[in-house]
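Visitor: Data: entry35.pdb, PDB, C-alpha atoms.
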```pdb
ATOM      1  CA  MET B   3     -60.612 -31.500  47.846  1.00  0.00           C
ATOM      2  CA  THR B   4     -58.523 -32.829  50.685  1.00  0.00           C
ATOM      3  CA  VAL B   5     -56.640 -31.537  53.646  1.00  0.00           C
ATOM      4  CA  PHE B   6     -53.157 -32.843  54.100  1.00  0.00           C
ATOM      5  CA  CYS B   7     -53.443 -35.004  57.117  1.00  0.00           C
ATOM      6  CA  PRO B   8     -50.881 -37.690  57.737  1.00  0.00           C
ATOM      7  CA  LEU B   9     -53.527 -39.530  59.740  1.00  0.00           C
ATOM      8  CA  SER B  10     -56.016 -39.587  56.902  1.00  0.00           C
ATOM      9  CA  ASN B  11     -56.629 -42.770  54.928  1.00  0.00           C
ATOM     10  CA  SER B  12     -58.824 -41.199  52.282  1.00  0.00           C
ATOM     11  CA  ASP B  13     -57.709 -38.847  49.516  1.00  0.00           C
ATOM     12  CA  LYS B  14     -61.164 -37.391  48.944  1.00  0.00           C
ATOM     13  CA  THR B  15     -62.387 -36.325  52.353  1.00  0.00           C
ATOM     14  CA  VAL B  16     -61.194 -34.627  55.488  1.00  0.00           C
ATOM     15  CA  SER B  17     -60.769 -37.224  58.154  1.00  0.00           C
ATOM     16  CA  VAL B  18     -61.937 -36.581  61.671  1.00  0.00           C
ATOM     17  CA  VAL B  19     -58.707 -35.995  63.532  1.00  0.00           C
ATOM     18  CA  LYS B  20     -58.703 -36.452  67.270  1.00  0.00           C
ATOM     19  CA  ILE B  21     -57.086 -33.754  69.369  1.00  0.00           C
ATOM     20  CA  SER B  22     -54.802 -36.381  70.908  1.00  0.00           C
ATOM     21  CA  GLU B  23     -53.454 -37.156  67.440  1.00  0.00           C
ATOM     22  CA  LEU B  24     -52.864 -33.464  66.792  1.00  0.00           C
ATOM     23  CA  ARG B  25     -51.007 -33.139  70.091  1.00  0.00           C
ATOM     24  CA  ASP B  26     -48.540 -35.761  68.898  1.00  0.00           C
ATOM     25  CA  MET B  27     -47.678 -33.675  65.824  1.00  0.00           C
ATOM     26  CA  SER B  28     -44.691 -31.367  65.708  1.00  0.00           C
ATOM     27  CA  VAL B  29     -45.087 -27.631  65.220  1.00  0.00           C
ATOM     28  CA  ASP B  30     -44.072 -27.953  61.567  1.00  0.00           C
ATOM     29  CA  GLN B  31     -46.627 -30.695  60.949  1.00  0.00           C
ATOM     30  CA  LEU B  32     -49.342 -28.578  62.586  1.00  0.00           C
ATOM     31  CA  GLU B  33     -48.420 -25.575  60.446  1.00  0.00           C
ATOM     32  CA  ALA B  34     -48.523 -27.648  57.259  1.00  0.00           C
ATOM     33  CA  THR B  35     -51.852 -29.197  58.213  1.00  0.00           C
ATOM     34  CA  LEU B  36     -53.294 -25.787  59.086  1.00  0.00           C
ATOM     35  CA  LYS B  37     -52.136 -24.278  55.802  1.00  0.00           C
ATOM     36  CA  ASP B  38     -53.639 -27.117  53.782  1.00  0.00           C
ATOM     37  CA  ALA B  39     -56.882 -27.000  55.776  1.00  0.00           C
ATOM     38  CA  LYS B  40     -57.263 -23.283  55.093  1.00  0.00           C
ATOM     39  CA  GLU B  41     -56.597 -23.765  51.383  1.00  0.00           C
ATOM     40  CA  THR B  42     -59.107 -26.592  51.236  1.00  0.00           C
ATOM     41  CA  LEU B  43     -61.719 -24.539  53.073  1.00  0.00           C
ATOM     42  CA  PHE B  44     -61.211 -21.734  50.566  1.00  0.00           C
ATOM     43  CA  ARG B  45     -61.688 -24.135  47.641  1.00  0.00           C
ATOM     44  CA  LEU B  46     -64.757 -25.696  49.231  1.00  0.00           C
ATOM     45  CA  ARG B  47     -66.329 -22.275  49.760  1.00  0.00           C
ATOM     46  CA  LEU B  48     -65.680 -21.353  46.146  1.00  0.00           C
ATOM     47  CA  GLN B  49     -67.113 -24.642  44.974  1.00  0.00           C
ATOM     48  CA  ALA B  50     -70.168 -24.123  47.176  1.00  0.00           C
ATOM     49  CA  ARG B  51     -70.817 -20.763  45.527  1.00  0.00           C
ATOM     50  CA  MET B  52     -70.161 -21.911  41.978  1.00  0.00           C
ATOM     51  CA  GLU B  53     -71.743 -25.347  41.996  1.00  0.00           C
ATOM     52  CA  ARG B  54     -73.230 -27.937  44.237  1.00  0.00           C
ATOM     53  CA  LEU B  55     -70.938 -29.626  46.750  1.00  0.00           C
ATOM     54  CA  ASP B  56     -70.748 -33.412  46.777  1.00  0.00           C
ATOM     55  CA  SER B  57     -70.755 -33.429  50.568  1.00  0.00           C
ATOM     56  CA  PRO B  58     -71.544 -30.152  52.341  1.00  0.00           C
ATOM     57  CA  SER B  59     -70.422 -31.685  55.626  1.00  0.00           C
ATOM     58  CA  GLU B  60     -66.818 -31.296  54.443  1.00  0.00           C
ATOM     59  CA  LEU B  61     -67.067 -27.558  55.166  1.00  0.00           C
ATOM     60  CA  LYS B  62     -67.976 -28.231  58.770  1.00  0.00           C
ATOM     61  CA  LYS B  63     -65.280 -30.885  59.207  1.00  0.00           C
ATOM     62  CA  ASN B  64     -62.672 -28.563  57.767  1.00  0.00           C
ATOM     63  CA  LYS B  65     -63.679 -25.674  60.020  1.00  0.00           C
ATOM     64  CA  ARG B  66     -63.472 -27.945  63.049  1.00  0.00           C
ATOM     65  CA  LEU B  67     -60.020 -29.160  62.051  1.00  0.00           C
ATOM     66  CA  ILE B  68     -58.813 -25.565  61.738  1.00  0.00           C
ATOM     67  CA  ALA B  69     -60.317 -24.726  65.140  1.00  0.00           C
ATOM     68  CA  LYS B  70     -58.641 -27.734  66.757  1.00  0.00           C
ATOM     69  CA  ILE B  71     -55.241 -26.782  65.357  1.00  0.00           C
ATOM     70  CA  LEU B  72     -55.569 -23.128  66.371  1.00  0.00           C
ATOM     71  CA  THR B  73     -56.680 -24.119  69.863  1.00  0.00           C
ATOM     72  CA  LEU B  74     -53.715 -26.442  70.236  1.00  0.00           C
ATOM     73  CA  LYS B  75     -51.309 -23.757  69.031  1.00  0.00           C
ATOM     74  CA  SER B  76     -52.791 -21.317  71.523  1.00  0.00           C
ATOM     75  CA  LEU B  77     -52.460 -23.804  74.384  1.00  0.00           C
ATOM     76  CA  ARG B  78     -48.840 -24.505  73.499  1.00  0.00           C
ATOM     77  CA  LYS B  79     -48.096 -20.784  73.426  1.00  0.00           C
ATOM     78  CA  LEU B  80     -49.682 -20.301  76.855  1.00  0.00           C
ATOM     79  CA  GLN B  81     -47.730 -23.233  78.267  1.00  0.00           C
ATOM     80  CA  LYS B  82     -44.457 -21.738  77.050  1.00  0.00           C
ATOM     81  CA  GLU B  83     -45.314 -18.385  78.630  1.00  0.00           C
ATOM     82  CA  THR B  84     -46.160 -19.923  81.999  1.00  0.00           C
ATOM     83  CA  VAL B  85     -42.921 -21.947  82.041  1.00  0.00           C
ATOM     84  CA  LYS B  86     -40.785 -18.815  81.647  1.00  0.00           C
TER      85      LYS B  86
END
```
For the structure just supplied, provide its representation as structure tokens.
Guide:
Amino acid sequence: MTVFCPLSNSDKTVSVVKISELRDMSVDQLEATLKDAKETLFRLRLQARMERLDSPSELKKNKRLIAKILTLKSLRKLQKETVK
């Protein structure tokens, strides 16, 4: 199970993405990454219930990635509102 992350080198794990790397992404890239991260988290949760996970830490990494993206989206929204 992987999250689409253009910064990732591995196809089997969620890479640790730095917030600075996320800031460089466009809105469309963030949306795509968020969508894939949510789908992957869903699959990992199902797999955790049905069978044993190969690496349980992937759940935590995925949740953190989602939180980073949502935080960045929120900050961008606030910045747009303050500029107006």
Visitor: Select, from B:Arg54, B:Ile21, B:Asn64, B:Ser76, the residue with the minimum atom-to-atom distance to B:Asp38, counting all atoms listed in the file.
Guide: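 Of all the options, B:Asn64 lies closest to B:Asp38.
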Visitor: Considering all atoms listed in the file, return as a PyMOL selection string whatever protein or nucleic-acid residues lie within 10 Å of B:Lys63, sequence-local ones (same chain, fewer than 2 positions apart) excluded.
Guide: chain B and resi 15-19+39+43+58-61+65-69
Visitor: Between atom CA of B:Leu32 and atom CA of B:Ile71, what is the distance in Å, rounded to a tenth?
Guide: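 Result for atom CA of B:Leu32 versus atom CA of B:Ile71: 6.8 Å, one decimal.
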Visitor: So how far away is atom CA of B:Arg47 from atom CA of B:Glu33, in Å?
Guide: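 Value for the atom CA of B:Glu33-atom CA of B:Arg47 distance: 21.1 Å.
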Visitor: Taking the file above as input, evaluate the PyMOL selection byres ((chain B and resi 75) around 12) and report the hits as a PDB file with C-alpha atoms, keeping the file's coordinate frame.
Guide:
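To be explicit, this is the file written out as part-v6.pdb:
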```pdb
ATOM      1  CA  ILE B  21     -57.086 -33.754  69.369  1.00  0.00           C
ATOM      2  CA  LEU B  24     -52.864 -33.464  66.792  1.00  0.00           C
ATOM      3  CA  ARG B  25     -51.007 -33.139  70.091  1.00  0.00           C
ATOM      4  CA  MET B  27     -47.678 -33.675  65.824  1.00  0.00           C
ATOM      5  CA  SER B  28     -44.691 -31.367  65.708  1.00  0.00           C
ATOM      6  CA  VAL B  29     -45.087 -27.631  65.220  1.00  0.00           C
ATOM      7  CA  ASP B  30     -44.072 -27.953  61.567  1.00  0.00           C
ATOM      8  CA  GLN B  31     -46.627 -30.695  60.949  1.00  0.00           C
ATOM      9  CA  LEU B  32     -49.342 -28.578  62.586  1.00  0.00           C
ATOM     10  CA  GLU B  33     -48.420 -25.575  60.446  1.00  0.00           C
ATOM     11  CA  LEU B  36     -53.294 -25.787  59.086  1.00  0.00           C
ATOM     12  CA  ILE B  68     -58.813 -25.565  61.738  1.00  0.00           C
ATOM     13  CA  ALA B  69     -60.317 -24.726  65.140  1.00  0.00           C
ATOM     14  CA  LYS B  70     -58.641 -27.734  66.757  1.00  0.00           C
ATOM     15  CA  ILE B  71     -55.241 -26.782  65.357  1.00  0.00           C
ATOM     16  CA  LEU B  72     -55.569 -23.128  66.371  1.00  0.00           C
ATOM     17  CA  THR B  73     -56.680 -24.119  69.863  1.00  0.00           C
ATOM     18  CA  LEU B  74     -53.715 -26.442  70.236  1.00  0.00           C
ATOM     19  CA  SER B  76     -52.791 -21.317  71.523  1.00  0.00           C
ATOM     20  CA  LEU B  77     -52.460 -23.804  74.384  1.00  0.00           C
ATOM     21  CA  ARG B  78     -48.840 -24.505  73.499  1.00  0.00           C
ATOM     22  CA  LYS B  79     -48.096 -20.784  73.426  1.00  0.00           C
ATOM     23  CA  LEU B  80     -49.682 -20.301  76.855  1.00  0.00           C
ATOM     24  CA  GLN B  81     -47.730 -23.233  78.267  1.00  0.00           C
ATOM     25  CA  LYS B  82     -44.457 -21.738  77.050  1.00  0.00           C
TER      26      LYS B  82
END
```
Visitor: State, in Å with one decimal place, the distance from atom CA of B:Lys40 to atom CA of B:Glu83.
Guide: 26.8 Å
